[in-house]
file work05.txt (compact mmCIF, C-alpha atoms)
# COMPACT_ATOMS: atom_id res chain seq x y z
CA MET A 1 4.70 -144.60 71.97
CA PRO A 2 5.14 -144.68 75.74
CA GLU A 3 8.48 -143.33 76.89
CA SER A 4 9.16 -145.92 79.57
CA GLY A 5 8.42 -149.42 80.77
CA GLN A 6 6.57 -147.91 83.73
CA GLU A 7 4.09 -146.22 81.40
CA LEU A 8 3.57 -149.43 79.44
CA GLU A 9 2.99 -151.30 82.69
CA ARG A 10 0.45 -148.80 83.99
CA GLY A 11 -1.42 -148.88 80.69
CA TRP A 12 -1.45 -152.65 80.68
CA GLN A 13 -2.80 -152.87 84.23
CA GLN A 14 -5.71 -150.68 83.16
CA GLU A 15 -6.37 -152.95 80.18
CA VAL A 16 -6.52 -156.21 82.15
CA SER A 17 -7.96 -155.01 85.47
CA ALA A 18 -11.49 -156.06 84.46
CA LEU A 19 -10.56 -159.69 83.70
CA PRO A 20 -12.16 -161.67 86.52
CA LEU A 21 -9.60 -164.38 87.36
CA ALA A 22 -5.86 -164.24 87.97
CA ASN A 23 -2.93 -166.14 89.39
CA GLU A 24 0.68 -165.05 89.80
CA VAL A 25 1.34 -165.25 86.03
CA TRP A 26 -1.90 -165.05 84.03
CA ARG A 27 -5.23 -163.26 83.89
CA TYR A 28 -8.20 -165.21 82.53
CA SER A 29 -11.34 -164.12 80.74
CA ARG A 30 -13.53 -166.44 82.83
CA ALA A 31 -13.56 -169.61 84.89
CA LEU A 32 -13.57 -173.07 83.36
CA LEU A 33 -17.05 -174.41 82.62
CA PRO A 34 -18.13 -178.05 82.83
CA GLY A 35 -18.52 -178.21 79.06
CA ASP A 36 -15.07 -176.84 78.24
CA PRO A 37 -12.80 -179.42 76.54
CA THR A 38 -9.61 -180.70 78.14
CA GLN A 39 -7.66 -180.68 74.86
CA GLY A 40 -7.95 -179.16 71.41
CA TRP A 41 -6.60 -176.55 69.01
CA LYS A 42 -4.96 -173.65 70.85
CA ILE A 43 -4.69 -170.28 69.15
CA HIS A 44 -1.78 -168.05 70.16
CA LEU A 45 -1.39 -164.36 69.34
CA SER A 46 2.17 -163.06 69.40
CA ALA A 47 3.08 -159.63 70.78
CA SER A 48 5.92 -157.60 72.23
CA PRO A 49 5.44 -155.12 75.09
CA LEU A 50 5.17 -152.39 72.45
CA SER A 51 2.29 -154.02 70.57
CA ALA A 52 0.49 -155.92 73.35
CA ALA A 53 -1.95 -153.21 74.46
CA GLU A 54 -2.98 -152.34 70.89
CA LEU A 55 -3.48 -156.00 70.02
CA PHE A 56 -5.56 -156.64 73.15
CA ALA A 57 -7.74 -153.58 72.57
CA ARG A 58 -8.58 -154.85 69.08
CA VAL A 59 -9.40 -158.47 69.90
CA ARG A 60 -10.91 -158.25 73.37
CA PRO A 61 -14.42 -157.12 72.29
CA LEU A 62 -14.66 -160.05 69.85
CA LEU A 63 -13.47 -162.62 72.40
CA THR A 64 -15.56 -161.23 75.24
CA ALA A 65 -18.74 -161.25 73.14
CA ALA A 66 -18.16 -164.93 72.30
CA ASP A 67 -17.52 -165.82 75.98
CA ILE A 68 -14.49 -167.79 74.88
CA LEU A 69 -11.77 -168.69 77.39
CA PHE A 70 -8.45 -166.87 76.95
CA LYS A 71 -5.50 -165.73 79.04
CA VAL A 72 -2.91 -162.95 78.91
CA PRO A 73 0.10 -162.16 81.14
CA GLN A 74 -0.50 -160.37 84.42
CA THR A 75 2.27 -157.83 83.73
CA MET A 76 4.46 -156.52 80.94
CA GLY A 77 7.45 -157.76 82.93
CA ILE A 78 6.16 -161.32 82.59
CA LEU A 79 5.78 -160.84 78.82
CA VAL A 80 9.35 -159.51 78.57
CA GLU A 81 10.61 -162.57 80.48
CA MET A 82 8.59 -164.95 78.29
CA ASN A 83 9.86 -163.35 75.10
CA SER A 84 13.48 -163.70 76.21
CA GLY A 85 13.07 -167.48 76.02
CA LEU A 86 15.07 -167.93 79.20
CA PRO A 87 12.37 -169.59 81.36
CA ARG A 88 11.18 -171.82 78.48
CA PHE A 89 12.04 -171.21 74.84
CA SER A 90 8.68 -172.63 73.75
CA GLN A 91 6.90 -169.70 75.45
CA VAL A 92 8.43 -166.97 73.29
CA GLY A 93 5.74 -164.75 71.78
CA LYS A 94 2.73 -166.40 73.44
CA PHE A 95 1.02 -163.22 74.58
CA LEU A 96 -2.62 -164.32 74.26
CA THR A 97 -3.75 -167.95 74.40
CA LEU A 98 -7.22 -168.83 73.17
CA TYR A 99 -8.98 -172.10 74.10
CA PRO A 100 -11.64 -172.76 71.42
CA ARG A 101 -14.45 -175.19 72.24
CA SER A 102 -14.27 -177.00 68.90
CA THR A 103 -12.25 -177.27 65.71
CA THR A 104 -14.90 -175.23 63.92
CA GLU A 105 -14.56 -172.43 66.49
CA ALA A 106 -10.77 -172.59 66.26
CA LEU A 107 -10.87 -172.13 62.48
CA LYS A 108 -13.39 -169.31 62.75
CA PHE A 109 -11.44 -167.32 65.32
CA ALA A 110 -8.06 -167.87 63.66
CA ALA A 111 -9.47 -166.23 60.53
CA LEU A 112 -11.14 -163.39 62.44
CA LEU A 113 -8.09 -162.66 64.58
CA HIS A 114 -5.80 -162.71 61.56
CA ARG A 115 -7.94 -160.07 59.83
CA LEU A 116 -8.04 -157.91 62.96
CA THR A 117 -4.26 -158.00 63.51
CA ARG A 118 -2.72 -158.40 60.05
CA ASP A 119 -0.81 -155.07 60.32
CA LEU A 120 0.72 -155.91 63.73
CA ARG A 121 4.00 -157.71 64.36
CA GLY A 122 5.27 -159.94 67.13
CA PRO A 123 8.06 -162.45 67.87
CA GLU A 124 8.03 -165.76 66.04
CA ILE A 125 6.56 -168.51 68.24
CA PRO A 126 9.11 -171.35 68.09
CA PHE A 127 7.14 -174.61 67.85
CA ASP A 128 3.65 -173.52 66.79
CA LYS A 129 2.48 -173.33 63.18
CA ARG A 130 1.88 -169.88 61.73
CA TYR A 131 -1.67 -169.37 60.46
CA ARG A 132 -0.59 -167.39 57.41
CA ARG A 133 2.56 -165.77 56.13
CA ASN A 134 3.54 -162.76 58.28
CA SER A 135 0.57 -163.40 60.59
CA ILE A 136 0.86 -163.07 64.38
CA VAL A 137 -1.74 -165.85 64.72
CA TYR A 138 -0.32 -169.31 65.50
CA TYR A 139 -1.85 -172.64 66.40
CA ARG A 140 -1.07 -176.03 67.89
CA TYR A 141 -3.00 -178.98 69.29
CA GLY A 142 -2.48 -179.37 73.00
CA ALA A 143 -3.76 -179.99 76.49
CA PHE A 144 -6.02 -177.30 77.99
CA ARG A 145 -5.62 -178.55 81.55
CA SER A 146 -2.91 -180.42 83.42
CA LYS A 147 -3.02 -181.68 87.01
CA GLY A 148 -5.73 -179.25 88.01
CA LYS A 149 -4.21 -176.27 86.18
CA ARG A 150 -5.87 -174.43 83.32
CA SER A 151 -3.06 -175.12 80.88
CA GLY A 152 0.44 -176.44 80.74
CA ASP A 153 2.41 -179.55 79.93
CA GLY A 154 0.14 -182.55 80.08
CA THR A 155 -1.13 -185.51 78.13
CA LEU A 156 -3.32 -185.93 75.07
CA ARG A 157 -5.76 -188.73 74.30
CA ASP A 158 -5.97 -189.96 70.70
CA PRO A 159 -9.21 -191.25 69.11
CA ALA A 160 -8.29 -194.82 70.14
CA GLY A 161 -7.94 -193.77 73.78
CA LYS A 162 -4.14 -194.00 73.90
CA MET A 163 -2.34 -191.31 75.93
CA HIS A 164 0.48 -189.19 74.47
CA ARG A 165 2.74 -186.57 75.97
CA ASP A 166 1.86 -182.98 74.98
CA GLN A 167 5.23 -181.89 73.62
CA ARG A 168 6.48 -178.37 72.93
CA ALA A 169 9.08 -179.25 70.32
CA ALA A 170 9.79 -178.94 66.61
CA GLY A 171 7.30 -180.89 64.51
CA CYS A 172 4.89 -181.50 67.40
CA ALA A 173 2.29 -178.77 66.82
CA VAL A 174 0.05 -181.25 65.02
CA PRO A 175 0.03 -184.80 66.46
CA LEU A 176 0.68 -187.60 63.98
CA TRP A 177 -2.77 -189.01 64.64
CA LEU A 178 -4.54 -185.79 63.57
CA GLU A 179 -4.99 -184.00 60.26
CA ASP A 180 -4.19 -180.29 60.15
CA PRO A 181 -7.48 -178.42 59.58
CA PHE A 182 -5.57 -175.15 59.03
CA GLN A 183 -3.43 -176.65 56.25
CA LYS A 184 -5.05 -174.80 53.37
CA ALA A 185 -4.92 -171.42 55.11
CA ARG A 186 -1.54 -171.46 56.78
CA ALA A 187 1.77 -170.12 55.47
CA ARG A 188 3.99 -171.90 52.99
CA PRO A 189 6.09 -174.60 54.68
CA PRO A 190 9.48 -173.42 55.94
CA ARG A 191 12.68 -174.28 54.13
CA PRO A 192 14.55 -177.34 55.36
CA ARG A 193 16.53 -176.60 58.48
CA GLY A 194 20.31 -176.60 58.51
CA ARG A 195 21.36 -174.74 55.35
CA ILE A 196 21.60 -170.98 55.96
CA GLY A 197 22.42 -168.78 53.02
CA LEU A 198 24.27 -170.36 50.11
CA ASP A 199 27.46 -171.24 51.92
CA TYR A 200 26.74 -172.08 55.57
CA LEU A 201 25.58 -175.34 57.13
CA ALA A 202 24.60 -175.06 60.79
CA PHE A 203 25.25 -178.29 62.69
CA ARG A 204 25.13 -177.34 66.37
CA THR A 205 23.00 -174.94 68.42
CA LEU A 206 25.07 -173.11 71.03
CA SER A 207 22.23 -171.02 72.46
CA GLN A 208 18.61 -170.25 71.69
CA ARG A 209 16.67 -167.22 72.89
CA GLY A 210 13.80 -165.05 71.78
CA LYS A 211 16.13 -162.56 70.10
CA GLY A 212 17.79 -165.29 68.02
CA GLY A 213 20.09 -168.27 68.09
CA VAL A 214 23.84 -168.83 68.03
CA TYR A 215 25.06 -171.77 65.97
CA GLU A 216 28.28 -173.49 65.06
CA ALA A 217 28.36 -173.93 61.29
CA LEU A 218 30.50 -175.01 58.36
CA ASP A 219 31.56 -172.38 55.84
CA LEU A 220 31.28 -174.22 52.52
CA SER A 221 32.58 -171.32 50.46
CA VAL A 222 36.19 -172.39 51.06
CA SER A 223 38.04 -175.66 50.69
CA PRO A 224 38.50 -177.31 53.04
CA ALA A 225 35.34 -176.15 54.82
CA ARG A 226 35.98 -174.20 58.00
CA ARG A 227 34.03 -173.82 61.22
CA VAL A 228 32.38 -170.48 61.91
CA ILE A 229 29.89 -169.01 64.36
CA LEU A 230 26.48 -167.88 63.08
CA LYS A 231 24.54 -165.31 65.09
CA GLU A 232 20.88 -165.00 64.19
CA GLY A 233 18.77 -161.90 64.82
CA ARG A 234 15.00 -162.30 64.74
CA PRO A 235 12.61 -159.47 63.92
CA GLN A 236 10.54 -158.52 66.98
CA GLY A 237 12.76 -160.80 69.07
CA GLU A 238 13.12 -159.45 72.63
CA ILE A 239 12.22 -155.99 71.39
CA ASP A 240 13.02 -153.32 73.97
CA PHE A 241 11.04 -150.23 74.93
CA ARG A 242 12.89 -148.22 72.28
CA GLY A 243 12.01 -150.63 69.49
CA ARG A 244 15.36 -152.41 69.03
CA ASP A 245 14.93 -156.15 68.35
CA GLY A 246 17.18 -159.13 67.69
CA TYR A 247 17.57 -158.18 64.02
CA ALA A 248 18.81 -154.70 64.95
CA ARG A 249 21.16 -156.04 67.64
CA VAL A 250 22.90 -158.38 65.20
CA ARG A 251 23.42 -155.52 62.72
CA HIS A 252 24.72 -153.35 65.57
CA GLU A 253 27.14 -156.03 66.76
CA GLY A 254 28.53 -156.40 63.25
CA ARG A 255 29.29 -152.66 63.09
CA VAL A 256 30.94 -152.65 66.51
CA LEU A 257 33.08 -155.73 65.81
CA ARG A 258 34.33 -154.31 62.51
CA ARG A 259 35.40 -151.08 64.20
CA LEU A 260 37.13 -152.84 67.07
CA ASP A 261 38.86 -155.28 64.71
CA ARG A 262 40.22 -152.37 62.66
CA ARG A 263 41.79 -151.02 65.86
CA GLY A 264 43.50 -154.34 66.54
CA LEU A 265 41.29 -155.51 69.42
CA PRO A 266 41.15 -159.30 70.00
CA VAL A 267 37.53 -159.80 68.89
CA PRO A 268 36.04 -162.19 66.29
CA LYS A 269 36.42 -161.14 62.67
CA VAL A 270 33.18 -160.59 60.76
CA MET A 271 33.34 -162.99 57.81
CA ALA A 272 29.96 -162.12 56.28
CA GLU A 273 26.54 -160.67 57.02
CA PHE A 274 23.26 -161.33 55.22
CA GLY A 275 19.49 -161.54 55.55
CA GLN A 276 17.34 -164.60 55.03
CA GLY A 277 13.68 -165.22 55.74
CA GLY A 278 13.31 -161.82 57.39
CA LYS A 279 16.14 -162.58 59.84
CA ARG A 280 19.68 -161.18 60.03
CA PHE A 281 22.75 -163.43 60.19
CA LEU A 282 26.27 -162.52 61.23
CA VAL A 283 29.06 -164.94 60.30
CA LEU A 284 31.94 -164.73 62.77
CA GLU A 285 35.37 -166.25 63.04
CA LYS A 286 35.35 -169.23 65.41
CA LEU A 287 37.97 -168.43 68.01
CA SER A 288 39.97 -171.13 69.75
CA GLY A 289 40.23 -171.16 73.50
CA ARG A 290 38.04 -171.67 76.53
CA PRO A 291 36.18 -169.27 78.80
CA LEU A 292 37.94 -167.98 81.92
CA PHE A 293 35.54 -170.31 83.69
CA SER A 294 32.13 -171.64 82.78
CA GLU A 295 28.86 -170.22 84.02
CA LYS A 296 27.92 -173.70 85.25
CA ARG A 297 31.00 -173.79 87.46
CA GLY A 298 30.06 -170.46 89.00
CA GLN A 299 33.48 -169.51 90.39
CA PRO A 300 37.12 -170.04 89.37
CA ALA A 301 39.07 -172.92 90.82
CA ASN A 302 41.94 -172.23 93.25
CA PRO A 303 41.37 -168.50 93.82
CA SER A 304 44.20 -166.36 95.19
CA TRP A 305 45.21 -162.71 95.25
CA ARG A 306 48.02 -163.50 92.80
CA ARG A 307 45.53 -164.92 90.27
CA ALA A 308 43.29 -161.88 90.78
CA GLU A 309 46.22 -159.54 90.12
CA LYS A 310 47.21 -161.47 86.99
CA ILE A 311 43.74 -161.42 85.45
CA LEU A 312 43.38 -157.75 86.28
CA ASP A 313 46.72 -156.96 84.63
CA GLN A 314 45.60 -158.83 81.48
CA LEU A 315 42.04 -157.54 81.20
CA GLN A 316 42.33 -153.92 82.28
CA PRO A 317 44.53 -152.85 79.34
CA LEU A 318 42.17 -154.56 76.87
CA LEU A 319 39.16 -152.72 78.26
CA ALA A 320 41.13 -149.47 78.21
CA ARG A 321 41.84 -150.02 74.50
CA ILE A 322 38.13 -150.56 73.82
CA HIS A 323 37.28 -147.41 75.74
CA ALA A 324 39.92 -145.50 73.78
CA THR A 325 37.89 -146.18 70.61
CA GLY A 326 34.91 -144.45 72.22
CA TRP A 327 32.99 -147.67 72.90
CA ILE A 328 32.05 -149.56 76.06
CA TRP A 329 31.49 -153.33 76.04
CA ARG A 330 28.76 -153.67 78.71
CA ASP A 331 28.85 -157.49 78.64
CA CYS A 332 32.13 -158.18 80.39
CA LYS A 333 31.85 -161.53 82.14
CA PRO A 334 33.96 -164.73 82.34
CA SER A 335 32.01 -166.71 79.70
CA HIS A 336 32.65 -163.90 77.18
CA ILE A 337 36.42 -163.90 77.75
CA LEU A 338 38.25 -166.72 75.96
CA ILE A 339 41.76 -167.70 76.93
CA GLY A 340 44.01 -169.56 74.50
CA ARG A 341 47.53 -169.68 73.14
CA GLY A 342 47.19 -166.25 71.59
CA GLY A 343 46.09 -164.66 74.86
CA LEU A 344 42.62 -163.33 75.65
CA HIS A 345 39.82 -162.84 73.16
CA LEU A 346 36.53 -161.03 73.80
CA ILE A 347 33.14 -162.01 72.36
CA ASP A 348 29.48 -160.84 72.37
CA PHE A 349 29.23 -157.11 71.68
CA GLU A 350 25.55 -156.65 70.81
CA GLY A 351 25.02 -154.56 73.94
CA ALA A 352 28.00 -152.27 73.30
CA CYS A 353 27.34 -148.55 73.10
CA ARG A 354 29.21 -145.25 72.90
CA ILE A 355 30.72 -144.12 76.18
CA ASP A 356 28.76 -140.86 76.12
CA ASP A 357 25.45 -142.47 75.07
CA THR A 358 22.77 -141.69 77.66
CA THR A 359 19.88 -143.24 75.71
CA ALA A 360 21.12 -146.84 75.43
CA PRO A 361 18.74 -149.26 77.17
CA PRO A 362 20.04 -151.27 80.16
CA TRP A 363 22.35 -154.14 79.21
CA SER A 364 24.14 -156.44 81.60
CA SER A 365 24.34 -159.92 83.08
CA PRO A 366 23.30 -160.73 86.66
CA ASN A 367 26.09 -160.21 89.21
CA TYR A 368 28.13 -158.07 86.79
CA ILE A 369 26.13 -154.85 86.97
CA ARG A 370 26.57 -152.24 89.68
CA PRO A 371 23.76 -152.52 92.28
CA GLY A 372 20.99 -149.98 91.73
CA LYS A 373 21.63 -149.79 87.97
CA LYS A 374 19.83 -152.96 86.88
CA ARG A 375 16.54 -151.22 86.11
CA SER A 376 17.76 -147.71 85.38
CA LEU A 377 16.41 -146.37 82.08
CA ALA A 378 18.74 -143.36 81.98
CA ARG A 379 22.33 -144.42 81.38
CA ARG A 380 25.11 -142.34 82.94
CA ARG A 381 28.07 -141.44 80.72
CA GLY A 382 31.34 -143.24 81.32
CA THR A 383 32.86 -146.70 81.53
CA TRP A 384 31.31 -147.67 84.85
CA GLU A 385 29.59 -150.84 83.53
CA ASP A 386 32.89 -152.34 82.35
CA ASP A 387 34.77 -151.07 85.41
CA TYR A 388 32.39 -152.73 87.83
CA ALA A 389 32.28 -156.01 85.87
CA LEU A 390 36.08 -156.11 85.76
CA GLY A 391 36.21 -155.58 89.52
CA VAL A 392 33.75 -158.43 90.08
CA ILE A 393 35.76 -160.83 87.90
CA ALA A 394 39.02 -159.98 89.68
CA PHE A 395 37.31 -160.35 93.08
CA GLN A 396 36.10 -163.80 92.04
CA PHE A 397 39.67 -164.81 91.22
CA LEU A 398 40.72 -163.42 94.59
CA ALA A 399 38.14 -165.10 96.81
CA GLY A 400 36.05 -167.56 94.79
CA GLU A 401 32.88 -165.58 95.48
CA PHE A 402 31.04 -162.47 94.36
CA PRO A 403 31.87 -159.25 96.23
CA SER A 404 29.53 -158.19 99.00
CA LEU A 405 27.68 -154.91 98.67
CA GLN A 406 29.01 -153.98 102.11
CA ALA A 407 32.49 -152.45 102.29
CA ARG A 408 33.06 -153.94 105.75
CA GLU A 409 32.41 -157.46 104.48
CA ARG A 410 34.70 -156.96 101.49
CA GLU A 411 37.41 -155.75 103.84
CA CYS A 412 37.09 -159.00 105.82
CA VAL A 413 37.64 -160.94 102.60
CA TYR A 414 40.74 -158.90 101.73
CA ARG A 415 42.23 -159.69 105.15
CA ARG A 416 41.28 -163.35 104.94
CA GLU A 417 42.99 -163.71 101.57
CA ALA A 418 46.04 -161.68 102.65
CA CYS A 419 45.38 -159.37 99.71
CA ALA A 420 48.08 -156.80 98.99
CA GLY A 421 47.02 -153.23 99.75
CA ALA A 422 47.65 -151.99 96.20
CA LEU A 423 45.44 -154.73 94.74
CA ARG A 424 42.71 -154.03 97.29
CA ASP A 425 42.74 -150.34 96.31
CA ARG A 426 42.50 -151.22 92.60
CA LEU A 427 39.52 -153.50 93.23
CA GLU A 428 37.72 -150.93 95.37
CA ARG A 429 38.13 -148.23 92.70
CA LEU A 430 36.51 -150.57 90.19
CA LEU A 431 33.72 -151.77 92.48
CA VAL A 432 32.88 -148.45 94.13
CA GLY A 433 34.37 -145.84 91.83
CA PRO A 434 37.07 -143.24 92.43

call {"tool": "encode", "arguments": {"input": "work05.txt", "output": "structure tokens"}}
result
Amino acid sequence: MPESGQELERGWQQEVSALPLANEVWRYSRALLPGDPTQGWKIHLSASPLSAAELFARVRPLLTAADILFKVPQTMGILVEMNSGLPRFSQVGKFLTLYPRSTTEALKFAALLHRLTRDLRGPEIPFDKRYRRNSIVYYRYGAFRSKGKRSGDGTLRDPAGKMHRDQRAAGCAVPLWLEDPFQKARARPPRPRGRIGLDYLAFRTLSQRGKGGVYEALDLSVSPARRVILKEGRPQGEIDFRGRDGYARVRHEGRVLRRLDRRGLPVPKVMAEFGQGGKRFLVLEKLSGRPLFSEKRGQPANPSWRRAEKILDQLQPLLARIHATGWIWRDCKPSHILIGRGGLHLIDFEGACRIDDTTAPPWSSPNYIRPGKKRSLARRRGTWEDDYALGVIAFQFLAGEFPSLQARERECVYRREACAGALRDRLERLLVGP
């Protein structure tokens, strides 16, 4: 397996360099022809950056010989972004898109591609139908062109000539006015949504990404039922260059939270952990309180040096206690810090690692990682990720803005806010280092 993302990227560029057409996102097998349909059954092949090149090498000769239109991402970075689900959740896993010229061709190639790739794995594609159980072949009926583009959100025409929106949503892979020609070959229908495990009923989605979802749920194992948080880890979800996916991250977070809870840290208690449908679920205590400030707000209200000093005095000892256990959080940001009657509570520890771990892949949120470290593949020992993030949060409470990378500009802010010299020195040690 390649040792770095750079090697994967170089290998991928060699694989796709011969494809004749490209835009800023996709490479295409050929241009559109006058006889190509404008809508039909799309075939998607799912892949992660670790499996993409192998998958493409297997299927490309077949697709090229048939002169069938298909597309793949320009770069591995684009595939990583797609699989995160952050641009559009519906795009997770859609590594290769095939545009068959007829239903007969769609059925033929779905079967051929399934046989060629049955030992490969990829992320689950959210709103498509899976061709067969454990297959990386998916399908949906959709628009092939939209407003002059080769594919994308558009409209569909039914047999009566009525126009319908081409929706990427649950239950929309097969329009109501069409029969599913793959029905006999595809996987068994999924279980009804909502009930997870024997005792948990999910009723609200808090977040949804390629690696898994976070849900508010009812724990029915006690009376009266209580609210809990369910974290879902998907196999192959947002798999990194070292092979760790959403499933592994949920298991890892459970281990970290149990250890921190035993040391008395204010983190959610792990109520249960189980597998279902190939996924991993972590049941967590639902903590009361609100974030320091929301990500939508961007900055705290009414900043001042006194508020900065107060938040620093509250947070710094908590981080020091985490570090004393030998762990570093690596996801310190305002939305992960809850404030309530019992003080501060800290959530989201799937990116935590040992302080002396130099092999942990990068993990951070934008604006809370030291500049120059966002893409580093070799982690330096120490607590520098948490230190820098803490400095950024305190600076936000001081000035209502993110700290500049330039020391001179930060100094101007300290003077403008009449910041005490001792507080300024504390912030600079966190932001720059001793």

call {"tool": "closest_residue", "arguments": {"input": "work05.txt", "among": "A:Asp245, A:Ala110, A:Ser90, A:Leu79", "to": "Arg168 of chain A", "atoms": "only C-alpha atoms"}}
result
A:Ser90

call {"tool": "closest_residue", "arguments": {"input": "work05.txt", "among": "A:Ile68, A:Ala111, A:Asp199, A:Arg209", "to": "Val92 of chain A", "atoms": "all atoms listed in the file"}}
result
A:Arg209

call {"tool": "residues_near_point", "arguments": {"input": "work05.txt", "point": "(21.1, -156.5, 80.9)", "cutoff": "9 Å", "atoms": "only C-alpha atoms", "output": "list in words"}}
result
Arg330, Asp331, Gly351, Pro361, Pro362, Trp363, Ser364, Ser365, Pro366, Ile369, Lys374 and Arg375 of chain A

call {"tool": "closest_residue", "arguments": {"input": "work05.txt", "among": "A:Thr103, A:Phe241, A:Leu32, A:Ser288", "to": "Glu7 of chain A", "atoms": "all atoms listed in the file"}}
result
A:Phe241

call {"tool": "residues_around", "arguments": {"input": "work05.txt", "residues": "Leu218 of chain A", "least_positions_apart": "5", "cutoff": "9 Å", "atoms": "all atoms listed in the file", "output": "JSON list (two decimals) with C-alpha atoms, keeping the file's coordinate frame"}}
result
[["chain", "number", "residue", "atom", "x", "y", "z"],
["A", 199, "ASP", "CA", 27.46, -171.24, 51.92],
["A", 200, "TYR", "CA", 26.74, -172.08, 55.57],
["A", 201, "LEU", "CA", 25.58, -175.34, 57.13],
["A", 202, "ALA", "CA", 24.60, -175.06, 60.79],
["A", 203, "PHE", "CA", 25.25, -178.29, 62.69],
["A", 225, "ALA", "CA", 35.34, -176.15, 54.82],
["A", 226, "ARG", "CA", 35.98, -174.20, 58.00],
["A", 227, "ARG", "CA", 34.03, -173.82, 61.22],
["A", 228, "VAL", "CA", 32.38, -170.48, 61.91],
["A", 229, "ILE", "CA", 29.89, -169.01, 64.36]]

call {"tool": "closest_residue", "arguments": {"input": "work05.txt", "among": "A:Pro61, A:Gly382, A:Gly421, A:Pro303", "to": "Ile328 of chain A", "atoms": "only C-alpha atoms"}}
result
A:Gly382

call {"tool": "residues_around", "arguments": {"input": "work05.txt", "residues": "Cys172 of chain A", "least_positions_apart": "2", "cutoff": "10 Å", "atoms": "only C-alpha atoms", "output": "list in words"}}
result
Phe127, Asp128, Lys129, Arg140, Tyr141, Gly142, Asp166, Gln167, Arg168, Ala169, Ala170, Val174, Pro175 and Leu176 of chain A

call {"tool": "atom_distance", "arguments": {"input": "work05.txt", "atom1": "atom CA of Asp158 of chain A", "atom2": "atom CA of Pro126 of chain A"}}
result
24.1 Å

call {"tool": "closest_residue", "arguments": {"input": "work05.txt", "among": "A:Cys353, A:Ile339, A:Ala320, A:Leu156", "to": "Gln39 of chain A", "atoms": "all atoms listed in the file"}}
result
A:Leu156

call {"tool": "atom_distance", "arguments": {"input": "work05.txt", "atom1": "atom CA of Phe349 of chain A", "atom2": "atom CA of Arg255 of chain A"}}
result
9.7 Å

call {"tool": "closest_residue", "arguments": {"input": "work05.txt", "among": "A:Ile347, A:Leu206, A:Ala418, A:Cys332", "to": "Lys269 of chain A", "atoms": "all atoms listed in the file"}}
result
A:Ile347
